[in-house]
>>> print(open('input-v4.pdb').read())   # PDB, C-alpha atoms
ATOM      1  CA  MET A   1      53.988  47.662  27.467
ATOM      2  CA  HIS A   2      54.238  45.009  24.801
ATOM      3  CA  THR A   3      52.556  45.545  21.435
ATOM      4  CA  SER A   4      50.402  42.779  19.992
ATOM      5  CA  ASP A   5      53.066  42.119  17.347
ATOM      6  CA  GLU A   6      55.713  41.699  20.046
ATOM      7  CA  LEU A   7      53.438  39.304  21.906
ATOM      8  CA  LEU A   8      52.806  37.346  18.692
ATOM      9  CA  THR A   9      56.561  36.906  18.270
ATOM     10  CA  GLU A  10      56.871  35.711  21.870
ATOM     11  CA  VAL A  11      53.962  33.260  21.493
ATOM     12  CA  ASN A  12      55.397  31.768  18.305
ATOM     13  CA  HIS A  13      58.867  31.471  19.813
ATOM     14  CA  PHE A  14      57.450  29.790  22.912
ATOM     15  CA  LEU A  15      55.391  27.333  20.825
ATOM     16  CA  ASP A  16      58.369  26.524  18.612
ATOM     17  CA  ASN A  17      60.454  25.637  21.661
ATOM     18  CA  LEU A  18      57.962  23.562  23.619
ATOM     19  CA  PRO A  19      59.576  20.234  24.542
ATOM     20  CA  TYR A  20      58.034  16.950  23.460
ATOM     21  CA  ASP A  21      60.167  14.476  25.409
ATOM     22  CA  ARG A  22      57.609  11.758  25.960
ATOM     23  CA  ARG A  23      57.480   8.614  23.853
ATOM     24  CA  PRO A  24      56.478   7.419  21.366
ATOM     25  CA  ALA A  25      57.567  10.389  19.279
ATOM     26  CA  SER A  26      55.062   9.383  16.583
ATOM     27  CA  LEU A  27      52.225  10.444  18.914
ATOM     28  CA  TYR A  28      53.646  13.934  19.428
ATOM     29  CA  GLU A  29      54.993  14.675  15.948
ATOM     30  CA  PRO A  30      51.522  15.589  14.583
ATOM     31  CA  ILE A  31      51.001  17.910  17.560
ATOM     32  CA  ARG A  32      54.243  19.757  16.884
ATOM     33  CA  TYR A  33      53.264  19.845  13.191
ATOM     34  CA  VAL A  34      49.843  21.387  13.868
ATOM     35  CA  LEU A  35      51.251  24.059  16.174
ATOM     36  CA  SER A  36      53.970  24.938  13.657
ATOM     37  CA  MET A  37      51.480  25.863  10.916
ATOM     38  CA  GLY A  38      51.177  29.446  12.124
ATOM     39  CA  GLY A  39      47.882  31.278  12.426
ATOM     40  CA  LYS A  40      46.722  34.546  13.912
ATOM     41  CA  ARG A  41      47.251  33.351  17.534
ATOM     42  CA  ILE A  42      44.322  35.571  18.540
ATOM     43  CA  ARG A  43      43.418  33.658  21.692
ATOM     44  CA  PRO A  44      46.832  33.629  23.402
ATOM     45  CA  ILE A  45      47.385  37.266  22.469
ATOM     46  CA  LEU A  46      44.031  38.235  23.988
ATOM     47  CA  MET A  47      44.977  36.443  27.213
ATOM     48  CA  LEU A  48      48.320  38.241  27.364
ATOM     49  CA  LEU A  49      46.740  41.615  26.573
ATOM     50  CA  ALA A  50      44.110  41.169  29.289
ATOM     51  CA  TYR A  51      46.859  40.293  31.793
ATOM     52  CA  GLN A  52      48.875  43.307  30.612
ATOM     53  CA  LEU A  53      46.051  45.654  31.596
ATOM     54  CA  TYR A  54      47.180  45.053  35.191
ATOM     55  CA  LYS A  55      50.765  43.795  35.107
ATOM     56  CA  ASP A  56      53.841  44.392  32.974
ATOM     57  CA  ASP A  57      55.197  40.842  32.823
ATOM     58  CA  PRO A  58      52.878  38.969  30.407
ATOM     59  CA  GLU A  59      55.732  36.628  29.500
ATOM     60  CA  THR A  60      55.149  34.903  32.850
ATOM     61  CA  ILE A  61      51.841  33.434  31.613
ATOM     62  CA  LEU A  62      53.028  32.227  28.215
ATOM     63  CA  THR A  63      52.488  28.620  29.318
ATOM     64  CA  GLN A  64      48.794  29.301  29.966
ATOM     65  CA  ALA A  65      48.427  31.387  26.806
ATOM     66  CA  THR A  66      49.892  28.613  24.673
ATOM     67  CA  ALA A  67      47.696  26.086  26.513
ATOM     68  CA  LEU A  68      44.718  27.894  25.006
ATOM     69  CA  GLU A  69      46.320  27.845  21.560
ATOM     70  CA  THR A  70      47.007  24.115  21.980
ATOM     71  CA  TYR A  71      43.354  23.565  22.841
ATOM     72  CA  HIS A  72      42.159  25.683  19.900
ATOM     73  CA  ASN A  73      44.307  23.737  17.456
ATOM     74  CA  TYR A  74      43.073  20.460  18.929
ATOM     75  CA  THR A  75      39.527  21.517  17.980
ATOM     76  CA  LEU A  76      40.704  22.417  14.466
ATOM     77  CA  LEU A  77      42.436  19.038  14.085
ATOM     78  CA  HIS A  78      39.193  17.222  14.904
ATOM     79  CA  ASP A  79      37.133  19.684  12.808
ATOM     80  CA  ASP A  80      39.306  18.869   9.800
ATOM     81  CA  LEU A  81      38.742  15.169  10.364
ATOM     82  CA  MET A  82      34.964  15.586  10.662
ATOM     83  CA  ASP A  83      34.902  17.768   7.532
ATOM     84  CA  ASN A  84      37.369  15.521   5.686
ATOM     85  CA  ALA A  85      39.342  18.668   4.845
ATOM     86  CA  ASP A  86      42.541  18.289   2.851
ATOM     87  CA  LEU A  87      44.261  21.534   3.842
ATOM     88  CA  ARG A  88      44.633  23.780   6.863
ATOM     89  CA  ARG A  89      46.519  27.080   6.434
ATOM     90  CA  GLY A  90      47.970  25.778   3.173
ATOM     91  CA  HIS A  91      49.327  22.578   4.754
ATOM     92  CA  GLU A  92      48.064  19.020   4.644
ATOM     93  CA  THR A  93      45.707  18.224   7.509
ATOM     94  CA  VAL A  94      46.850  15.615  10.035
ATOM     95  CA  HIS A  95      44.489  12.886   8.844
ATOM     96  CA  LYS A  96      45.737  13.395   5.275
ATOM     97  CA  ARG A  97      49.431  13.539   6.149
ATOM     98  CA  TRP A  98      49.110  10.579   8.552
ATOM     99  CA  ASN A  99      45.697   8.880   8.889
ATOM    100  CA  ASP A 100      42.349   9.158  10.694
ATOM    101  CA  ASN A 101      43.418   7.102  13.709
ATOM    102  CA  GLN A 102      46.519   9.224  14.201
ATOM    103  CA  ALA A 103      44.452  12.398  14.016
ATOM    104  CA  ILE A 104      42.087  11.117  16.707
ATOM    105  CA  LEU A 105      44.840   9.926  19.043
ATOM    106  CA  SER A 106      47.165  12.913  18.637
ATOM    107  CA  GLY A 107      44.166  15.243  18.925
ATOM    108  CA  ASP A 108      43.124  13.606  22.197
ATOM    109  CA  SER A 109      46.671  14.030  23.485
ATOM    110  CA  MET A 110      46.613  17.714  22.492
ATOM    111  CA  LEU A 111      43.588  18.203  24.722
ATOM    112  CA  VAL A 112      45.438  16.619  27.658
ATOM    113  CA  LEU A 113      48.537  18.725  26.960
ATOM    114  CA  ALA A 114      46.381  21.856  26.921
ATOM    115  CA  TYR A 115      45.130  21.001  30.427
ATOM    116  CA  GLU A 116      48.636  20.154  31.605
ATOM    117  CA  ARG A 117      49.930  23.528  30.403
ATOM    118  CA  MET A 118      46.970  25.466  31.806
ATOM    119  CA  ALA A 119      47.402  23.779  35.208
ATOM    120  CA  GLN A 120      50.930  25.176  35.582
ATOM    121  CA  CYS A 121      49.531  28.475  36.852
ATOM    122  CA  ALA A 122      49.850  29.879  40.380
ATOM    123  CA  GLU A 123      48.290  27.510  42.912
ATOM    124  CA  ASP A 124      45.931  30.159  44.309
ATOM    125  CA  LYS A 125      44.480  30.694  40.805
ATOM    126  CA  LEU A 126      44.408  27.027  39.745
ATOM    127  CA  SER A 127      40.871  26.054  40.709
ATOM    128  CA  ARG A 128      39.275  29.134  39.175
ATOM    129  CA  VAL A 129      41.322  28.971  35.982
ATOM    130  CA  LEU A 130      40.581  25.280  35.404
ATOM    131  CA  GLY A 131      36.902  25.897  36.131
ATOM    132  CA  ILE A 132      36.732  28.606  33.449
ATOM    133  CA  PHE A 133      38.687  26.489  30.985
ATOM    134  CA  THR A 134      36.596  23.362  31.566
ATOM    135  CA  ARG A 135      33.275  25.159  31.210
ATOM    136  CA  THR A 136      34.525  26.751  27.992
ATOM    137  CA  ALA A 137      35.677  23.418  26.560
ATOM    138  CA  LEU A 138      32.257  21.881  27.247
ATOM    139  CA  GLU A 139      30.478  24.857  25.669
ATOM    140  CA  ILE A 140      32.587  24.614  22.513
ATOM    141  CA  GLY A 141      31.608  20.966  22.120
ATOM    142  CA  GLU A 142      27.968  21.957  22.578
ATOM    143  CA  GLY A 143      28.327  24.626  19.905
ATOM    144  CA  GLN A 144      29.872  22.133  17.504
ATOM    145  CA  GLN A 145      26.984  19.728  18.109
ATOM    146  CA  TYR A 146      24.429  22.462  17.391
ATOM    147  CA  ASP A 147      26.300  23.208  14.155
ATOM    148  CA  ILE A 148      26.099  19.529  13.168
ATOM    149  CA  ASP A 149      22.401  19.370  14.112
ATOM    150  CA  PHE A 150      21.661  22.451  11.999
ATOM    151  CA  GLU A 151      22.901  20.653   8.874
ATOM    152  CA  ALA A 152      19.761  18.488   8.874
ATOM    153  CA  ARG A 153      17.357  21.373   9.565
ATOM    154  CA  THR A 154      15.747  23.958   7.295
ATOM    155  CA  ASP A 155      14.118  25.986  10.070
ATOM    156  CA  VAL A 156      17.153  27.356  11.950
ATOM    157  CA  LYS A 157      16.319  30.755  13.465
ATOM    158  CA  GLU A 158      18.704  33.692  13.672
ATOM    159  CA  GLU A 159      18.803  33.576  17.472
ATOM    160  CA  GLU A 160      19.678  29.865  17.376
ATOM    161  CA  TYR A 161      22.539  30.585  15.001
ATOM    162  CA  ILE A 162      23.850  33.413  17.194
ATOM    163  CA  GLU A 163      23.798  31.121  20.232
ATOM    164  CA  MET A 164      25.623  28.419  18.258
ATOM    165  CA  ILE A 165      28.455  30.747  17.209
ATOM    166  CA  ARG A 166      28.622  32.178  20.727
ATOM    167  CA  LEU A 167      29.323  28.676  22.007
ATOM    168  CA  LYS A 168      31.494  27.494  19.134
ATOM    169  CA  THR A 169      33.626  30.632  18.674
ATOM    170  CA  SER A 170      32.964  33.489  21.100
ATOM    171  CA  VAL A 171      33.401  31.720  24.416
ATOM    172  CA  LEU A 172      37.028  30.806  23.713
ATOM    173  CA  LEU A 173      37.917  34.452  23.068
ATOM    174  CA  ALA A 174      36.002  35.389  26.209
ATOM    175  CA  CYS A 175      37.794  32.630  28.137
ATOM    176  CA  ALA A 176      41.183  33.947  27.012
ATOM    177  CA  LEU A 177      40.423  37.429  28.309
ATOM    178  CA  LYS A 178      38.862  36.181  31.538
ATOM    179  CA  ILE A 179      41.764  33.890  32.412
ATOM    180  CA  GLY A 180      44.204  36.688  31.600
ATOM    181  CA  GLY A 181      42.366  38.920  34.053
ATOM    182  CA  VAL A 182      42.198  36.211  36.734
ATOM    183  CA  LEU A 183      45.922  35.450  36.457
ATOM    184  CA  ALA A 184      46.663  39.158  36.843
ATOM    185  CA  GLY A 185      44.515  39.405  39.975
ATOM    186  CA  ALA A 186      41.916  41.690  38.388
ATOM    187  CA  PRO A 187      38.770  42.592  40.349
ATOM    188  CA  ASP A 188      35.777  40.317  39.709
ATOM    189  CA  GLU A 189      33.798  43.088  37.994
ATOM    190  CA  ASP A 190      36.647  43.675  35.547
ATOM    191  CA  VAL A 191      36.962  39.945  34.900
ATOM    192  CA  ASP A 192      33.245  39.773  34.053
ATOM    193  CA  ASN A 193      33.474  42.780  31.739
ATOM    194  CA  LEU A 194      36.501  41.302  29.981
ATOM    195  CA  TYR A 195      34.530  38.098  29.402
ATOM    196  CA  LYS A 196      31.562  40.012  27.961
ATOM    197  CA  PHE A 197      33.933  42.049  25.784
ATOM    198  CA  GLY A 198      35.314  38.782  24.395
ATOM    199  CA  GLU A 199      31.842  37.344  23.791
ATOM    200  CA  GLN A 200      30.702  40.352  21.782
ATOM    201  CA  ILE A 201      33.862  40.679  19.728
ATOM    202  CA  GLY A 202      33.753  36.919  19.126
ATOM    203  CA  LEU A 203      30.266  37.214  17.638
ATOM    204  CA  ALA A 204      31.437  40.039  15.384
ATOM    205  CA  PHE A 205      34.498  37.989  14.417
ATOM    206  CA  GLN A 206      32.448  34.925  13.375
ATOM    207  CA  LEU A 207      29.919  36.994  11.420
ATOM    208  CA  GLN A 208      32.869  38.583   9.678
ATOM    209  CA  ASP A 209      33.985  35.068   8.688
ATOM    210  CA  ASP A 210      30.521  34.436   7.222
ATOM    211  CA  TYR A 211      30.754  37.686   5.269
ATOM    212  CA  LEU A 212      34.294  37.105   3.983
ATOM    213  CA  ASP A 213      33.375  33.604   2.789
ATOM    214  CA  VAL A 214      31.028  35.294   0.295
ATOM    215  CA  TYR A 215      32.564  38.715  -0.310
ATOM    216  CA  GLY A 216      36.257  38.226   0.493
ATOM    217  CA  ASP A 217      39.064  38.426  -2.043
ATOM    218  CA  PRO A 218      40.185  34.835  -2.718
ATOM    219  CA  LYS A 219      43.810  35.965  -3.080
ATOM    220  CA  VAL A 220      43.726  37.568   0.364
ATOM    221  CA  PHE A 221      41.244  35.184   1.991
ATOM    222  CA  GLY A 222      43.541  32.263   1.188
ATOM    223  CA  LYS A 223      40.896  29.997  -0.316
ATOM    224  CA  ALA A 224      38.080  30.028  -2.843
ATOM    225  CA  ILE A 225      35.126  32.052  -1.633
ATOM    226  CA  GLY A 226      31.640  30.592  -1.519
ATOM    227  CA  GLY A 227      32.407  27.434   0.431
ATOM    228  CA  ASP A 228      29.489  28.063   2.793
ATOM    229  CA  ILE A 229      27.168  28.569  -0.181
ATOM    230  CA  THR A 230      28.160  25.368  -1.970
ATOM    231  CA  SER A 231      27.785  23.315   1.225
ATOM    232  CA  ASN A 232      24.472  24.972   2.196
ATOM    233  CA  LYS A 233      25.994  25.826   5.579
ATOM    234  CA  LYS A 234      23.493  27.531   7.875
ATOM    235  CA  THR A 235      25.116  30.920   8.243
ATOM    236  CA  TYR A 236      23.738  34.266   9.377
ATOM    237  CA  MET A 237      23.589  35.236   5.713
ATOM    238  CA  LEU A 238      21.653  32.215   4.455
ATOM    239  CA  ILE A 239      19.215  32.245   7.388
ATOM    240  CA  ASN A 240      18.435  35.923   6.849
ATOM    241  CA  ALA A 241      18.221  35.506   3.088
ATOM    242  CA  PHE A 242      15.364  33.054   3.619
ATOM    243  CA  ASN A 243      13.817  35.307   6.281
ATOM    244  CA  HIS A 244      13.833  38.452   4.114
ATOM    245  CA  ALA A 245      13.314  37.005   0.617
ATOM    246  CA  ASN A 246      10.133  37.515  -1.382
ATOM    247  CA  ASP A 247       8.357  34.442  -2.752
ATOM    248  CA  SER A 248      10.313  34.219  -6.006
ATOM    249  CA  GLN A 249      13.664  34.823  -4.276
ATOM    250  CA  ARG A 250      12.857  32.203  -1.644
ATOM    251  CA  ALA A 251      11.941  29.701  -4.338
ATOM    252  CA  GLU A 252      15.256  30.276  -6.119
ATOM    253  CA  LEU A 253      17.209  29.985  -2.858
ATOM    254  CA  LEU A 254      15.438  26.723  -2.126
ATOM    255  CA  ARG A 255      16.163  25.436  -5.622
ATOM    256  CA  TRP A 256      19.890  26.037  -5.177
ATOM    257  CA  ALA A 257      19.886  24.685  -1.600
ATOM    258  CA  THR A 258      18.271  21.409  -2.658
ATOM    259  CA  ALA A 259      20.142  20.927  -5.945
ATOM    260  CA  LYS A 260      22.087  17.653  -5.894
ATOM    261  CA  GLU A 261      24.176  18.484  -8.956
ATOM    262  CA  PHE A 262      25.331  21.967  -9.859
ATOM    263  CA  ASP A 263      28.188  24.005 -11.260
ATOM    264  CA  ARG A 264      30.032  25.449  -8.261
ATOM    265  CA  ASN A 265      30.763  28.848  -9.766
ATOM    266  CA  GLU A 266      27.234  29.199 -11.074
ATOM    267  CA  LYS A 267      25.713  28.434  -7.675
ATOM    268  CA  VAL A 268      28.018  30.842  -5.833
ATOM    269  CA  ALA A 269      27.281  33.629  -8.332
ATOM    270  CA  ALA A 270      23.508  33.026  -8.262
ATOM    271  CA  VAL A 271      23.213  32.909  -4.465
ATOM    272  CA  THR A 272      25.512  35.924  -4.047
ATOM    273  CA  LYS A 273      23.292  37.844  -6.479
ATOM    274  CA  LEU A 274      20.272  36.918  -4.363
ATOM    275  CA  TYR A 275      22.082  38.038  -1.209
ATOM    276  CA  ASN A 276      22.753  41.399  -2.861
ATOM    277  CA  GLU A 277      19.136  41.798  -4.009
ATOM    278  CA  ILE A 278      17.755  40.861  -0.586
ATOM    279  CA  GLY A 279      20.261  43.116   1.196
ATOM    280  CA  VAL A 280      21.847  40.407   3.318
ATOM    281  CA  ASP A 281      25.323  41.894   2.788
ATOM    282  CA  LYS A 282      24.339  45.193   4.437
ATOM    283  CA  LEU A 283      22.369  43.362   7.145
ATOM    284  CA  THR A 284      25.466  41.339   8.054
ATOM    285  CA  LEU A 285      27.783  44.344   8.088
ATOM    286  CA  ASN A 286      25.337  46.177  10.362
ATOM    287  CA  LYS A 287      25.225  43.201  12.740
ATOM    288  CA  ILE A 288      29.032  43.005  12.812
ATOM    289  CA  ALA A 289      29.181  46.730  13.648
ATOM    290  CA  PHE A 290      26.532  46.262  16.359
ATOM    291  CA  TYR A 291      28.460  43.546  18.175
ATOM    292  CA  PHE A 292      31.731  45.452  17.829
ATOM    293  CA  GLU A 293      30.142  48.545  19.385
ATOM    294  CA  GLU A 294      28.709  46.421  22.187
ATOM    295  CA  SER A 295      32.168  44.985  22.865
ATOM    296  CA  ARG A 296      33.575  48.500  23.259
ATOM    297  CA  LYS A 297      31.094  49.272  26.049
ATOM    298  CA  TYR A 298      32.364  46.358  28.103
ATOM    299  CA  LEU A 299      36.015  47.255  27.562
ATOM    300  CA  ASP A 300      35.244  50.863  28.500
ATOM    301  CA  ALA A 301      33.779  49.575  31.782
ATOM    302  CA  VAL A 302      37.019  47.801  32.769
ATOM    303  CA  GLY A 303      38.475  49.782  35.667
ATOM    304  CA  VAL A 304      41.984  50.569  34.493
ATOM    305  CA  PRO A 305      43.308  53.830  33.009
ATOM    306  CA  ASP A 306      42.479  54.291  29.321
ATOM    307  CA  ASP A 307      46.129  54.387  28.278
ATOM    308  CA  ARG A 308      46.553  50.801  29.518
ATOM    309  CA  LYS A 309      43.703  49.708  27.228
ATOM    310  CA  THR A 310      45.250  51.183  24.087
ATOM    311  CA  VAL A 311      47.047  48.046  22.851
ATOM    312  CA  LEU A 312      43.990  45.837  23.463
ATOM    313  CA  ARG A 313      41.714  48.338  21.694
ATOM    314  CA  GLN A 314      44.085  48.489  18.737
ATOM    315  CA  PHE A 315      44.205  44.697  18.537
ATOM    316  CA  ALA A 316      40.403  44.471  18.587
ATOM    317  CA  GLU A 317      40.187  47.026  15.771
ATOM    318  CA  LYS A 318      42.779  45.060  13.806
ATOM    319  CA  MET A 319      40.671  41.913  14.230
ATOM    320  CA  MET A 320      37.651  43.727  12.807
ATOM    321  CA  SER A 321      39.501  45.221   9.836
ATOM    322  CA  ARG A 322      40.911  41.906   8.618
ATOM    323  CA  LYS A 323      40.364  40.686   5.068
ATOM    324  CA  TYR A 324      41.052  37.003   5.768
TER     325      TYR A 324
END
>>> encode(input="input-v4.pdb", output="structure tokens")
Amino acid sequence: MHTSDELLTEVNHFLDNLPYDRRPASLYEPIRYVLSMGGKRIRPILMLLAYQLYKDDPETILTQATALETYHNYTLLHDDLMDNADLRRGHETVHKRWNDNQAILSGDSMLVLAYERMAQCAEDKLSRVLGIFTRTALEIGEGQQYDIDFEARTDVKEEEYIEMIRLKTSVLLACALKIGGVLAGAPDEDVDNLYKFGEQIGLAFQLQDDYLDVYGDPKVFGKAIGGDITSNKKTYMLINAFNHANDSQRAELLRWATAKEFDRNEKVAAVTKLYNEIGVDKLTLNKIAFYFEESRKYLDAVGVPDDRKTVLRQFAEKMMSRKY
């Protein structure tokens, strides 16, 4: 059985050697650039690990695994453009290195390449795999739209936020595991449990991102903490701070949320202090632990011997113990 580290090496090698023979080269250079930036490669590894529960040749689905990574990076390319972000993983974003039009066009081509790579699976699996992939891609767009809509609202409820991150983040992890199971010929019940496992761990993963943006170590996290606070992003933490604050705490939160001019460090420190007083940090950690425990139930229900689940379990635990 391959370890997750071995699979990561294989994924990176495969991505580095993907051919871009079509012309003009200027269309494909940004795509190669984006995929060369590195990253955790969580989604392709999850697909390969799900496949490996049933078969010992995960290298045979590297094209489909890297299709999912291509799609994921396409969404990041467009996210960076929408957010006008300067950096991604320590590198210039595509619209900064080239321009906005190039980011749009190369991003659109990445989406098509992702479908082209995914469609190179076994013919008897093609319809089902593309159906899962297409539904997931639509859901991710829906999640992104909810996230944009939330920016203009002050009444976002916790359950709305959870549904948004399920669509925007969780479903792609779930998709990776489900397609891995389908390509391996797993029973339908196992495929469904793998999907639910991915959904739950995806929710925990995104809430962990929310937490690390406030409480992470900037040196390890790779960027200044507090970005969600300064931008008033509707996160699990901010929503629950408003929900659990007393009158004076709520008034101070509102003052910082509506301030047009402020010192960044002062705002981050003040809101973090409020989070600590209200207990939002512990609330978030408890919610992360809840979703992680739920994910374990679904993986336990997958009908393969426990020893075959070891590498996937270890990878899930590694995801949840990250500091960045």
>>> residues_around(input="input-v4.pdb", residues="Gln208 in chain A", least_positions_apart="3", cutoff="9 Å", atoms="all atoms listed in the file", output="ChimeraX atom specification")
/A:203-205,211-213,284-285,288,320,322
>>> residues_around(input="input-v4.pdb", residues="Ala316 in chain A", least_positions_apart="4", cutoff="10 Å", atoms="all atoms listed in the file", output="list of chain:residue names")
A:Ile42, A:Leu46, A:Phe197, A:Gly198, A:Ile201, A:Phe205, A:Phe292, A:Ser295, A:Arg296, A:Thr310, A:Val311, A:Leu312, A:Met320, A:Ser321
>>> atom_distance(input="input-v4.pdb", atom1="CA of Tyr298 in chain A", atom2="CA of Asn193 in chain A")
5.2 Å
>>> atom_distance(input="input-v4.pdb", atom1="CA of Glu123 in chain A", atom2="CA of Ile61 in chain A")
13.2 Å
>>> resolve_selection(input="input-v4.pdb", expression="the PyMOL selection byres ((chain A and resi 261-267) around 12)", output="list in words")
Val214, Ala224, Ile225, Gly226, Gly227, Asp228, Ile229, Thr230, Ser231, Asn232, Glu252, Leu253, Leu254, Arg255, Trp256, Ala257, Thr258, Ala259, Lys260, Val268, Ala269, Ala270, Val271, Thr272, Lys273 and Leu274 of chain A
>>> write_last_selection(input="input-v4.pdb", atoms="C-alpha atoms", output="PDB file, keeping the file's coordinate frame")
ATOM      1  CA  VAL A 214      31.028  35.294   0.295  1.00  0.00           C
ATOM      2  CA  ALA A 224      38.080  30.028  -2.843  1.00  0.00           C
ATOM      3  CA  ILE A 225      35.126  32.052  -1.633  1.00  0.00           C
ATOM      4  CA  GLY A 226      31.640  30.592  -1.519  1.00  0.00           C
ATOM      5  CA  GLY A 227      32.407  27.434   0.431  1.00  0.00           C
ATOM      6  CA  ASP A 228      29.489  28.063   2.793  1.00  0.00           C
ATOM      7  CA  ILE A 229      27.168  28.569  -0.181  1.00  0.00           C
ATOM      8  CA  THR A 230      28.160  25.368  -1.970  1.00  0.00           C
ATOM      9  CA  SER A 231      27.785  23.315   1.225  1.00  0.00           C
ATOM     10  CA  ASN A 232      24.472  24.972   2.196  1.00  0.00           C
ATOM     11  CA  GLU A 252      15.256  30.276  -6.119  1.00  0.00           C
ATOM     12  CA  LEU A 253      17.209  29.985  -2.858  1.00  0.00           C
ATOM     13  CA  LEU A 254      15.438  26.723  -2.126  1.00  0.00           C
ATOM     14  CA  ARG A 255      16.163  25.436  -5.622  1.00  0.00           C
ATOM     15  CA  TRP A 256      19.890  26.037  -5.177  1.00  0.00           C
ATOM     16  CA  ALA A 257      19.886  24.685  -1.600  1.00  0.00           C
ATOM     17  CA  THR A 258      18.271  21.409  -2.658  1.00  0.00           C
ATOM     18  CA  ALA A 259      20.142  20.927  -5.945  1.00  0.00           C
ATOM     19  CA  LYS A 260      22.087  17.653  -5.894  1.00  0.00           C
ATOM     20  CA  VAL A 268      28.018  30.842  -5.833  1.00  0.00           C
ATOM     21  CA  ALA A 269      27.281  33.629  -8.332  1.00  0.00           C
ATOM     22  CA  ALA A 270      23.508  33.026  -8.262  1.00  0.00           C
ATOM     23  CA  VAL A 271      23.213  32.909  -4.465  1.00  0.00           C
ATOM     24  CA  THR A 272      25.512  35.924  -4.047  1.00  0.00           C
ATOM     25  CA  LYS A 273      23.292  37.844  -6.479  1.00  0.00           C
ATOM     26  CA  LEU A 274      20.272  36.918  -4.363  1.00  0.00           C
TER      27      LEU A 274
END
>>> axis_aligned_box(input="input-v4.pdb", around="range 141-150 of chain A", padding_each_side="3 Å", output="lines of an AutoDock Vina configuration file")
center_x = 26.6
center_y = 22.0
center_z = 17.3
size_x = 15.9
size_y = 11.3
size_z = 16.6
>>> closest_residue(input="input-v4.pdb", among="A:Ser109, A:His2, A:Ala119, A:Gln144", to="Tyr20 in chain A", atoms="only C-alpha atoms")
A:Ser109
>>> closest_residue(input="input-v4.pdb", among="A:Pro58, A:Gly143, A:Pro30, A:Pro44", to="Arg97 in chain A", atoms="only C-alpha atoms")
A:Pro30
>>> resolve_selection(input="input-v4.pdb", expression="the PyMOL selection byres ((chain A and resi 47) around 9)", output="PyMOL selection string")
chain A and resi 42-46+48-52+58+61+64-65+68+173+175-181
>>> residues_around(input="input-v4.pdb", residues="Leu27 in chain A", least_positions_apart="3", cutoff="10 Å", atoms="all atoms listed in the file", output="PyMOL selection string")
chain A and resi 20+22-24+30-32+102-103+105-107+109-110
>>> resolve_selection(input="input-v4.pdb", expression="the PyMOL selection byres ((chain A and resi 235) around 10)", output="PyMOL selection string")
chain A and resi 147+150+156+158+161-162+165+206-207+209-211+228-229+232-234+236-241
>>> atom_distance(input="input-v4.pdb", atom1="CA of Asp100 in chain A", atom2="CA of Met118 in chain A")
27.1 Å
